[in-house]
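First the structure, in the form of structure tokens, and then the observations on it.
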Amino acid sequence: MNQPDLSVEIGGISLKNPVMSASGCYGYGKEYGAFYDVEKLGALVVKGTTLEPREGNPPPRIVETAAGILNSVGLQNPGVEYFINEEIRTFSGSSIPLIVNIAGNLEEEYIRLAEKLDPVKEVSGLEVNISCPNVKKGGMAFGTDVECAHRLVKGVRAVTSKPLIVKLSPNVTDITGVALAAQEAGADALSLINTLLGMAIDIHSRKPVLGNVLGGLSGPAVKPVALRMVWQVSEKVRIPVVGMGGIMTAEDALEFIMAGASAVAVGTANFINPLAIPDIIEGIAGYMIENNIREFKELIGAARKGA
Amino acid sequence: MNQPDLSVEIGGISLKNPVMSASGCYGYGKEYGAFYDVEKLGALVVKGTTLEPREGNPPPRIVETAAGILNSVGLQNPGVEYFINEEIRTFSGSSIPLIVNIAGNLEEEYIRLAEKLDPVKEVSGLEVNISCPNVKKGGMAFGTDVECAHRLVKGVRAVTSKPLIVKLSPNVTDITGVALAAQEAGADALSLINTLLGMAIDIHSRKPVLGNVLGGLSGPAVKPVALRMVWQVSEKVRIPVVGMGGIMTAEDALEFIMAGASAVAVGTANFINPLAIPDIIEGIAGYMIENNIREFKELIGAARKGA
Amino acid sequence: MLFSSKSEIVQHQKKGPALFRIDLHAPEICGEARPGQFVHLKVEERGYHPLLRRPFSIYDLDRQEGVLSITYKVVGLGTEILSQKRQGETLEIMGPLGRPFTQWKEDQKIIMVAGGVGYAPLNFLARELLGRNIKLEVLLGARKEEELVGEEDLKAMGIAPEIAVEEGPRGFAGRVTELLKRKLEEESFHRLYSCGPCSMLKEVTRISREKSLKGEVSLESIMACGVGACLGCAFPVNEGSSESKLEVSIGESSGPKTSYQRVCVEGPTFSLEEVF
Amino acid sequence: MLFSSKSEIVQHQKKGPALFRIDLHAPEICGEARPGQFVHLKVEERGYHPLLRRPFSIYDLDRQEGVLSITYKVVGLGTEILSQKRQGETLEIMGPLGRPFTQWKEDQKIIMVAGGVGYAPLNFLARELLGRNIKLEVLLGARKEEELVGEEDLKAMGIAPEIAVEEGPRGFAGRVTELLKRKLEEESFHRLYSCGPCSMLKEVTRISREKSLKGEVSLESIMACGVGACLGCAFPVNEGSSESKLEVSIGESSGPKTSYQRVCVEGPTFSLEEVF
Ligand SMILES: Cc1cc2nc3c(=O)[nH]c(=O)nc-3n(C[C@H](O)[C@H](O)[C@H](O)COP(=O)(O)OP(=O)(O)OC[C@H]3O[C@@H](n4cnc5c(N)ncnc54)[C@H](O)[C@@H]3O)c2cc1C
Ligand SMILES: Cc1cc2nc3c(=O)[nH]c(=O)nc-3n(C[C@H](O)[C@H](O)[C@H](O)COP(=O)(O)OP(=O)(O)OC[C@H]3O[C@@H](n4cnc5c(N)ncnc54)[C@H](O)[C@@H]3O)c2cc1C
Ligand SMILES: Cc1cc2nc3c(=O)[nH]c(=O)nc-3n(C[C@H](O)[C@H](O)[C@H](O)COP(=O)(O)O)c2cc1C
Ligand SMILES: Cc1cc2nc3c(=O)[nH]c(=O)nc-3n(C[C@H](O)[C@H](O)[C@H](O)COP(=O)(O)O)c2cc1C
Ligand code: FES
Ligand code: FES
């Protein structure tokens with residue numbers, strides 16, 4: 001069998017394969033460029049970008065847990081102006097889609113971000129991180145309230161023609177409600193899951209381990225929850241879903257795809273295996289060859305077929 | 001230093017130490033009685049009991065995930081009548097508190113269960129599992145809606161004078177809301193967390209692994225999430241909190257206690273180490289001796305003190 | 001009290017491409033163990049990967065030496081880790097667990113049917129039956145020749161098993177159930193014992209019922225606790241045929257009424273009437 | 001391209017009660033590595049416990065043989081697992097990572113201060129400095145005598161380090177920082193290099209500043225990626241003193257303005273002006 005066709009379209013963005021970097025875990029792509037050609041990715045999702053520069057949270061920012069890590073990086077980033085003026089250059093020669101993850105504490109921040117990024121031709125799409133605390137709503141995340149999420153996405157939709165991928169928070173009672181609200185408000189695709197809120201305590205110092213007390217859980221530990229949410233959401237929506245949360249291997253990625261994801265993103269795995277993304281792309285191709293599957297699309301939602 | 005004082009009171013139930021069995025993971029206590037004297041426990045929490053017998057879900061019911069397990073046992077149990085008529089005898093000579101976990105799909109089922117168990121003198125308290133699907137509310141769990149939870153607990157409260165421990169579901173946006181509702185409705189204590197909803201897919205058969213598709217995630221993987229919820233809830237409520245979720249060792253138990261739990265429950269750990277509970281009790285005592293702590297109560301919420 | 005502690009590996013032998021035998025020093029378990037029972041092993045001493053223990057049938061026992069043997073096939077992470085343990089290392093072991101095979105005084109002629117490593121519990125049983133001077137015939141099946149388990153040990157006990165290898169070239173070229181069928185056309189037995197893959201056991205049960213041959217099978221299931229506490233290992237068992245108190249009938253099932261029983265307590269041994 | 005692959009353990013020696021040295025065959029890394037850089041090791045080949053890699057300074061290099069050494073102390077699960085690896089086994093290693101120590105042509109007389117296993121990056125640096133015929137004085141400190149690292153290797157290079165052991169009885173009975181203070185009263189140096197626990201480095205920085213002694217320290221931090229992609233290893237660095245583009249000033253901090261910098265990329269080497 002020839003090299004199988006791994007291409008897929010996510011909300012109007014054409015990917016040559018379904019594996020992207022997860023925001024915040026891949027810097028601006030340069031770091032892993034030291035290990036392999038980043039053009040191998042299906043798409044490059046860069047880290048959370050805010051309107052103003054953010055210093056991030058005090059250390060320690062990382063603590064390991066059983067098969068997972070908690071992080072409290074806190075959106076440290078140099079701000080959207082710096083991104084547009086300085087970082088963007090490095091992408092001018094790139095042939096793969098560049099997706100910018102945007103975040104804020106106010107609706108207006110998201111809208112300003114989308115306005116600023118709309119004319120930037122190197123940017124193929126925006127990933128709207130709605131897990132951020134909504135300052136006006138007393139700090140509950142935008143993504144935990146159906147109405148907030150709807151208004152936020154609608155606001156962003158109004159100011160940009162770029163494809164919008166709305167990134168959902170798993171810290172909710174009913175993720176399908178938020179998913180449907182985002183779809184209705186004009187999202188072209190959904191990505192899930194962001195990190196699960198968690199914490200760890202040092203029993204010797206009798207204090208929380210993280211400088212910021214709470215952190216976001218990622219890695220293999222969260223995979224069953226992420227997979228369940230992808231399963232539930234992809235059953236309800238008609239827009240494509242990008243699955244993530246604990247994907248370490250091609251087998252993990254295939255689980256998400258069979259659950260209904262049209263593409264996947266890889267975060268924490270990069271830290272353990274810097275070649276995780278190319279390994280996963282190769283592994284998916286290998287599975288297709290072994291199982292005589294010509295088109296990647298045949299696999300999307302394969303586990304739902306009988307269900 | 002002498003043997004430290006491990007005693008604590010949970011909603012009017014006096015425990016000689018703060019370590020209980022987690023419901024559904026310890027049968028009716030007999031199984032682990034083959035390894036050690038079950039009277040060592042702080043309290044014995046028996047498995048989920050329903051009004052009518054339940055057959056449970058089709059196999060496979062267990063699948064391992066990274067540092068966790070998914071289970072879809074589905075409340076298999078012989079029903080409350082059988083429990084009262086047959087099982088209860090084995091507890092008549094017991095000196096440790098017996099707590100019965102009750103579950104149902106209708107509010108009335110919980111109330112009938114509480115009524116039937118109220119006169120049973122061997123029963124020291126009820127743990128109200130509000131993670132069950134509320135049939136009248138379209139299948140969303142009682143524990144995911146503040147009003148449902150409040151009404152349910154109030155209803156149960158009205159028919160029994162036994163201490164009520166309300167067991168919270170982690171599959172919610174804001175667990176403190178449900179916790180406060182349960183407290184207001186008359187709960188004497190809270191226990192958390194129940195399992196996180198998850199799933200796994202077999203990429204070879206291209207089907208969900210569990211017979212029931214979805215299952216509940218438990219074990220070390222969920223500990224950071226459980227700990228965060230215990231931290232958040234114990235900050236808000238004035239009734240005691242029983243912490244659980246991934247406790248494998250005394251160190252894990254101490255994290256929950258320092259986060260604010262007055263007692264802990266141990267579930268999945270029993271499956272891996274049948275001596276987990278006595279080991280944890282001993283480990284807590286050892287920590288207290290090492291750190292010159294006379295009374296267990298000094299440790300409750302220790303990590304909050306500075307926070 | 002059930003035993004749960006560390007046991008030393010006194011011998012670890014490779015028996016085939018993916019087949020191993022471990023001998024463990026576990027006198028506490030040896031004393032009580034009966035054929036058909038199993039032990040629950042912790043293969044990873046540190047960390048949670050894999051998290052759960054792994055069940056293995058007792059393959060053989062040396063009560064005098066206090067040595068218990070298991071024979072296992074490498075199929076996944078747990079058995080892979082197990083296969084790398086060395087002599088002198090220790091393993092956490094609990095047991096003996098589960099319901100043993102029933103042995104009837106009146107039985108004189110017995111047939112055993114094993115699929116691959118499913119021979120494991122039958123080896124210990126065979127040794128006991130032979131000690132009772134019972135006439136024993138054993139059918140061993142496998143897909144490939146190298147997956148056959150038990151031939152050597154049976155021969156050492158003076159039994160020449162009949163072999164069925166699906167992919168040939170040795171013995172009968174086909175399924176062991178086909179061999180069983182032919183056998184039962186020619187001869188009759190007082191009892192059948194069988195263990196192997198689920199699909200094989202189903203067929204063995206069907207064939208035995210046709211011939212009104214009674215017997216027992218040993219089932220497998222994914223287990224968490226191994227001691228009856230979690231209800232994770234449930235298997236649908238025909239009602240009325242067992243004595244468990246946990247019986248709750250399964251409403252939707254067609255065919256005979258069944259209830260979920262625990263493979264780790266009510267099983268792994270079930271009578272032919274109870275299953276499928 | 002950065003190197004990330006399996007390397008064979010060519011030697012694994014116990015150097016003290018909880019101290020080990022591993023020599024790895026990693027010619028690809030040896031070629032480029034500079035003193036002060038580190039490697040990121042995967043200690044568990046299967047499973048996710050621990051999940052993350054572990055960073056270790058390059059202790060020594062044999063470019064000819066392509067052998068890279070690290071010296072480490074067992075402090076937790078990862079180093080415990082590492083300590084059980086045997087010669088001939090392989091380890092996933094990536095590197096060389098991080099900013100090396102800066103070496104100034106004009107330096108003639110240099111002082112090094114090490115706390116315990118913090119000596120690790122200084123050993124490789126010492127070898128290079130001595131190759132340049134620089135006069136080198138080394139202060140080694142530890143709480144207990146058995147925690148001292150480097151004495152033997154320094155002696156082999158012809159350096160007699162001064163020793164400070166807090167709990168005695170060898171050498172100076174107190175902190176190595178006290179030894180440093182006394183030393184700087186008597187002598188002057190062109191440069192200081194230091195590595196050890198955070199509290200020690202803070203004191204070293206304070207003392208050096210008092211004496212207007214310039215130099216560099218090597219910091220530690222919990223790391224996830226090790227390559228600058230996650231921002232997990234951030235450390236507050238004084239502004240204006242570094243050239244990183246990622247600088248975002250930390251508003252709330254009192255004292256000089258600081259920004260969070262990545263220990264794995266902007267560090268682990270920082271100048272004495274940049275830190276604390
Ligand atoms: C009572 C009992 C006795 C057993 N005796 C033996 C024995 O003597 N020798 C032997 O080789 N094996 C025996 N098994 C099966 C053995 O327990 C499994 O092969 C082992 O647990 C697999 O672990 P793993 O981590 O290598 O595989 P995993 O990675 O966990 O799984 C690999 C594959 O095997 C399947 N599997 C895993 N566990 C079981 C199980 N318990 N039952 C059925 N399928 C399973 C999985 O679904 C998967 O497809 C027995 C099982 C039971 C329940
Ligand atoms: C750039 C760099 C170079 C290093 N070089 C060496 C070296 O040459 N030799 C050596 O022995 N150690 C070195 N370390 C420290 C080493 O990485 C840790 O000791 C190791 O990761 C601990 O792993 P563990 O699993 O055994 O401990 P864990 O179980 O993870 O932790 C045990 C204790 O050590 C602390 N700890 C864990 N990781 C680090 C870390 N990265 N920095 C500081 N504290 C930590 C934890 O907070 C905890 O208190 C270096 C660290 C860095 C960042
Ligand atoms: C260190 C770190 C930083 C992250 N930063 C962001 C971010 O800036 N924006 C965002 O939407 N998600 C962020 N995430 C979440 C990841 O993109 C991803 O959703 C999550 O980690 C689950 O995937 P994984 O298990 O593969 O890491 C971050 C995760 C980690 C571990
Ligand atoms: C096999 C199994 C069965 C369970 N059954 C029940 C139950 O009947 N009622 C209940 O409230 N919780 C039940 N639980 C949840 C546990 O009591 C506990 O809340 C959860 O497993 C987290 O703790 P752990 O990580 O220590 O297992 C069950 C958990 C498992 C693993
Ligand atoms: S494995 Fe737990 S009941 Fe059988
Ligand atoms: S460890 Fe990831 S940026 Fe330094």
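Convention: chains lettered A, B, ... in structure tokens order; per-chain residue numbering from 1; ligands numbered from 1 as shown.
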
| said: Near chain D, meaning an atom within 9 Å, which residues of chain C appear when counting only C-alpha atoms? Write them as a PyMOL selection string. | reply: chain C and resi 46-50+77

| request: All residues within 8 Å of ligand 3 are required, counting only C-alpha atoms and all ligand atoms; please report them as a ChimeraX atom specification. | output: /A:21-25,47-49,62,68-76,101-103,127-131,167,192-195,216-220,222-223,244-248,265-269 /D:224,230-232

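Within 7 Å of chain D, and counting only C-alpha atoms, chain A contributes Gly24, Cys25, Tyr26, Gly27, Glu31, Ala34, Phe35, Pro53, Arg54, Glu55, Pro59, Arg61, Ile62, Ala66, Ala67, Gly68, Val73, Pro78, Phe271 and Ile272 of chain A.
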
Save out the residues we just selected, N, CA and C atoms, as a compact mmCIF listing (two decimals), in the first residue's frame.
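out_28.txt was written with the following content:
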```txt
# COMPACT_ATOMS: atom_id res chain seq x y z
N GLY A 24 0.78 26.17 24.36
CA GLY A 24 1.49 26.32 25.63
C GLY A 24 2.52 25.24 25.88
N CYS A 25 2.54 24.25 25.02
CA CYS A 25 3.43 23.11 25.22
C CYS A 25 4.49 23.04 24.12
N TYR A 26 4.51 24.03 23.28
CA TYR A 26 5.34 23.93 22.08
C TYR A 26 5.92 25.30 21.75
N GLY A 27 5.91 26.19 22.72
CA GLY A 27 6.46 27.53 22.53
C GLY A 27 5.93 28.14 21.25
N GLU A 31 11.57 25.65 19.49
CA GLU A 31 12.26 24.74 20.39
C GLU A 31 12.33 23.34 19.79
N ALA A 34 14.62 22.22 16.84
CA ALA A 34 15.99 21.74 17.06
C ALA A 34 16.07 20.22 16.96
N PHE A 35 14.91 19.55 17.00
CA PHE A 35 14.90 18.08 16.95
C PHE A 35 14.45 17.52 15.60
N PRO A 53 1.42 42.10 27.67
CA PRO A 53 2.37 41.08 28.13
C PRO A 53 1.94 40.55 29.51
N ARG A 54 2.22 39.29 29.77
CA ARG A 54 1.92 38.71 31.09
C ARG A 54 3.17 38.09 31.68
N GLU A 55 3.39 38.33 32.92
CA GLU A 55 4.60 37.83 33.58
C GLU A 55 4.47 36.37 34.00
N PRO A 59 7.03 30.72 40.69
CA PRO A 59 7.42 29.31 40.77
C PRO A 59 7.19 28.76 42.18
N ARG A 61 6.17 26.15 39.19
CA ARG A 61 5.06 26.16 38.25
C ARG A 61 4.69 24.76 37.78
N ILE A 62 5.49 23.80 38.10
CA ILE A 62 5.26 22.43 37.62
C ILE A 62 5.37 21.48 38.80
N ALA A 66 0.67 11.47 39.59
CA ALA A 66 0.67 10.13 39.01
C ALA A 66 0.23 10.22 37.55
N ALA A 67 1.13 9.88 36.64
CA ALA A 67 0.87 9.89 35.20
C ALA A 67 0.37 11.24 34.68
N GLY A 68 0.75 12.30 35.37
CA GLY A 68 0.34 13.62 34.91
C GLY A 68 1.23 14.71 35.45
N VAL A 73 1.72 27.84 34.85
CA VAL A 73 2.53 28.82 34.12
C VAL A 73 1.83 30.18 34.14
N PRO A 78 4.67 37.46 25.84
CA PRO A 78 5.10 38.85 25.63
C PRO A 78 4.02 39.75 25.04
N PHE A 271 7.20 16.97 26.19
CA PHE A 271 8.18 17.17 27.26
C PHE A 271 8.94 15.88 27.55
N ILE A 272 8.27 14.78 27.36
CA ILE A 272 8.87 13.48 27.68
C ILE A 272 9.61 12.94 26.47
```

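Residue nearest chain B within the list A:Leu164, A:Met140, A:Ile293, A:Ser234: A:Met140 [criterion: smallest interatomic distance, only C-alpha atoms].
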
| message | Give me the residues near B:Lys162 as a ChimeraX atom specification, where near means some atom within 7 Å (using only C-alpha atoms) and where sequence neighbours in that chain fewer than 3 positions away do not count. | response | /B:118,124-126

| message | Can you measure atom CA of B:Val237 to atom CA of B:Ile10 for me? One decimal in Å is fine. | response | 13.5 Å

| field | Exercise answer, 9 Å around ligand 1 with only C-alpha atoms and all ligand atoms, as a PyMOL selection string | value | (chain B and resi 60+63-64+202+209) or (chain C and resi 19-20+36-40+43+50+52-59+70-82+97-98+116-121+197-198+218-224+226+233+263-264+267-269)

| said: Tell me as a PyMOL selection string which residues belonging to chain B come within 9 Å of chain A, counting only C-alpha atoms. | reply: chain B and resi 65-68+70+140+144-145+170-174+196-203+205-208+213-214+217+220-229+231+251-252+254-256+258-259+302-307

So that I have them on file, write out the residues from the current selection with N, CA and C atoms, as a short mmCIF file (atom, residue, chain, number, x, y, z; two decimals), in the first residue's frame.
```
data_model
loop_
_atom_site.label_atom_id
_atom_site.label_comp_id
_atom_site.auth_asym_id
_atom_site.auth_seq_id
_atom_site.Cartn_x
_atom_site.Cartn_y
_atom_site.Cartn_z
N THR B 65 -6.37 2.38 33.14
CA THR B 65 -5.88 3.53 32.38
C THR B 65 -4.58 3.97 33.07
N ALA B 66 -3.95 5.01 32.59
CA ALA B 66 -2.69 5.42 33.20
C ALA B 66 -2.93 5.84 34.64
N ALA B 67 -2.37 5.08 35.58
CA ALA B 67 -2.48 5.35 37.01
C ALA B 67 -3.93 5.43 37.49
N GLY B 68 -4.81 4.74 36.80
CA GLY B 68 -6.21 4.75 37.22
C GLY B 68 -6.97 3.56 36.69
N LEU B 70 -11.04 2.60 35.16
CA LEU B 70 -12.42 2.96 34.86
C LEU B 70 -13.26 1.79 35.28
N MET B 140 -29.35 13.70 34.00
CA MET B 140 -28.22 14.39 34.64
C MET B 140 -28.21 13.98 36.11
N THR B 144 -25.27 17.17 40.16
CA THR B 144 -24.74 18.18 39.24
C THR B 144 -25.61 19.42 39.21
N ASP B 145 -26.68 19.40 39.98
CA ASP B 145 -27.59 20.53 39.98
C ASP B 145 -27.85 20.94 41.43
N PRO B 170 -17.71 14.78 41.22
CA PRO B 170 -16.70 15.75 40.75
C PRO B 170 -17.02 16.26 39.35
N ASN B 171 -18.04 15.70 38.72
CA ASN B 171 -18.32 16.06 37.33
C ASN B 171 -19.19 17.31 37.25
N VAL B 172 -18.72 18.36 37.90
CA VAL B 172 -19.50 19.59 37.97
C VAL B 172 -18.60 20.80 37.76
N THR B 173 -19.24 21.89 37.39
CA THR B 173 -18.51 23.14 37.18
C THR B 173 -18.04 23.71 38.51
N ASP B 174 -18.95 23.70 39.49
CA ASP B 174 -18.63 24.35 40.76
C ASP B 174 -19.07 23.46 41.91
N LEU B 196 -14.68 10.28 38.36
CA LEU B 196 -14.77 11.19 37.21
C LEU B 196 -15.24 10.37 36.02
N LEU B 197 -16.17 10.91 35.27
CA LEU B 197 -16.70 10.18 34.13
C LEU B 197 -15.64 10.10 33.02
N GLY B 198 -15.39 8.89 32.55
CA GLY B 198 -14.38 8.71 31.52
C GLY B 198 -14.70 7.55 30.60
N MET B 199 -13.81 7.29 29.65
CA MET B 199 -13.99 6.13 28.78
C MET B 199 -12.67 5.71 28.17
N ALA B 200 -12.68 4.55 27.54
CA ALA B 200 -11.50 4.05 26.83
C ALA B 200 -12.00 3.35 25.57
N ILE B 201 -11.17 3.38 24.54
CA ILE B 201 -11.54 2.75 23.28
C ILE B 201 -10.48 1.72 22.92
N ASP B 202 -10.94 0.58 22.44
CA ASP B 202 -10.03 -0.46 21.95
C ASP B 202 -9.81 -0.21 20.47
N ILE B 203 -8.58 0.21 20.10
CA ILE B 203 -8.37 0.61 18.70
C ILE B 203 -8.32 -0.60 17.76
N SER B 205 -10.51 -3.45 18.08
CA SER B 205 -11.90 -3.77 17.76
C SER B 205 -12.66 -2.52 17.32
N ARG B 206 -12.05 -1.33 17.52
CA ARG B 206 -12.69 -0.04 17.22
C ARG B 206 -14.02 0.12 17.93
N LYS B 207 -14.00 -0.23 19.23
CA LYS B 207 -15.20 -0.12 20.06
C LYS B 207 -14.80 0.38 21.45
N PRO B 208 -15.75 0.98 22.15
CA PRO B 208 -15.47 1.30 23.56
C PRO B 208 -15.12 0.02 24.31
N VAL B 213 -19.92 1.45 27.85
CA VAL B 213 -19.30 2.59 27.15
C VAL B 213 -18.60 3.55 28.13
N LEU B 214 -19.36 4.23 28.98
CA LEU B 214 -18.75 5.16 29.93
C LEU B 214 -18.50 4.49 31.28
N LEU B 217 -13.76 7.02 36.61
CA LEU B 217 -12.32 6.97 36.81
C LEU B 217 -11.98 7.15 38.28
N PRO B 220 -4.92 6.81 41.53
CA PRO B 220 -3.97 7.92 41.63
C PRO B 220 -4.15 9.02 40.58
N ALA B 221 -4.60 8.65 39.39
CA ALA B 221 -4.75 9.65 38.33
C ALA B 221 -5.64 10.81 38.75
N VAL B 222 -6.67 10.54 39.55
CA VAL B 222 -7.64 11.59 39.89
C VAL B 222 -7.25 12.38 41.14
N LYS B 223 -6.18 11.98 41.82
CA LYS B 223 -5.85 12.62 43.09
C LYS B 223 -5.74 14.13 43.02
N PRO B 224 -5.05 14.70 42.03
CA PRO B 224 -4.93 16.16 42.02
C PRO B 224 -6.28 16.87 41.94
N VAL B 225 -7.20 16.29 41.19
CA VAL B 225 -8.53 16.90 41.05
C VAL B 225 -9.30 16.76 42.36
N ALA B 226 -9.23 15.58 42.96
CA ALA B 226 -9.93 15.33 44.23
C ALA B 226 -9.42 16.27 45.31
N LEU B 227 -8.12 16.42 45.36
CA LEU B 227 -7.49 17.25 46.38
C LEU B 227 -7.92 18.71 46.21
N ARG B 228 -7.95 19.17 44.98
CA ARG B 228 -8.38 20.54 44.70
C ARG B 228 -9.82 20.74 45.18
N MET B 229 -10.67 19.74 44.93
CA MET B 229 -12.08 19.90 45.32
C MET B 229 -12.24 19.89 46.83
N TRP B 231 -10.00 20.92 48.90
CA TRP B 231 -9.48 22.25 49.26
C TRP B 231 -10.57 23.32 49.09
N GLU B 251 0.92 9.17 52.87
CA GLU B 251 1.29 10.50 52.37
C GLU B 251 0.13 11.12 51.60
N ASP B 252 -0.49 10.31 50.75
CA ASP B 252 -1.65 10.81 50.00
C ASP B 252 -2.76 11.23 50.96
N LEU B 254 -2.51 12.20 53.99
CA LEU B 254 -2.12 13.43 54.68
C LEU B 254 -2.32 14.66 53.80
N GLU B 255 -2.11 14.51 52.51
CA GLU B 255 -2.38 15.64 51.62
C GLU B 255 -3.84 16.07 51.72
N PHE B 256 -4.73 15.09 51.71
CA PHE B 256 -6.17 15.41 51.80
C PHE B 256 -6.49 16.06 53.15
N MET B 258 -4.45 17.72 55.13
CA MET B 258 -3.89 19.08 55.18
C MET B 258 -4.68 20.04 54.29
N ALA B 259 -5.33 19.49 53.26
CA ALA B 259 -6.17 20.33 52.39
C ALA B 259 -7.47 20.69 53.08
N ALA B 302 -4.08 21.85 57.67
CA ALA B 302 -2.78 22.46 58.00
C ALA B 302 -2.19 23.26 56.84
N ALA B 303 -2.46 22.84 55.61
CA ALA B 303 -1.88 23.55 54.46
C ALA B 303 -2.64 24.83 54.15
N ARG B 304 -3.78 25.03 54.81
CA ARG B 304 -4.57 26.23 54.58
C ARG B 304 -4.10 27.36 55.48
N LYS B 305 -3.50 27.00 56.57
CA LYS B 305 -3.20 27.96 57.63
C LYS B 305 -2.52 29.22 57.08
N GLY B 306 -1.47 29.00 56.29
CA GLY B 306 -0.76 30.14 55.74
C GLY B 306 -1.47 30.75 54.53
N ALA B 307 -2.29 29.95 53.89
CA ALA B 307 -2.81 30.32 52.56
C ALA B 307 -3.83 31.45 52.61
#
```

| request: Enumerate, as a count of residues only, the complete set of residues in stretch 13-55 of chain A that a backbone-based DSSP assignment places in alpha helix (DSSP H). | output: 4

| query | Among stretch 50-262 of chain A, which residues carry a DSSP assignment of strand (DSSP E), reported as JSON, numbers by chain? | reply | {"A": [62, 63, 64, 65, 68, 69, 70, 71, 98, 99, 100, 101, 102, 125, 126, 127, 128, 129, 164, 165, 166, 167, 189, 190, 191, 192, 196, 197, 198, 201, 202, 207, 208, 215, 216, 217, 218, 241, 242, 243]}

| message | Report as a PyMOL selection string all protein, DNA and RNA residues lying within 10 Å of stretch 153-165 of chain C, evaluated on only C-alpha atoms, omitting residues in the same chain fewer than 2 positions from it. | response | chain C and resi 112-116+123+126-127+130-131+135-151+167-180

| query | Using only C-alpha atoms and all ligand atoms, which of the listed residues (D:Arg99, D:Glu210, D:Ser271, D:Ser199) sits closest to ligand 6? | reply | D:Arg99
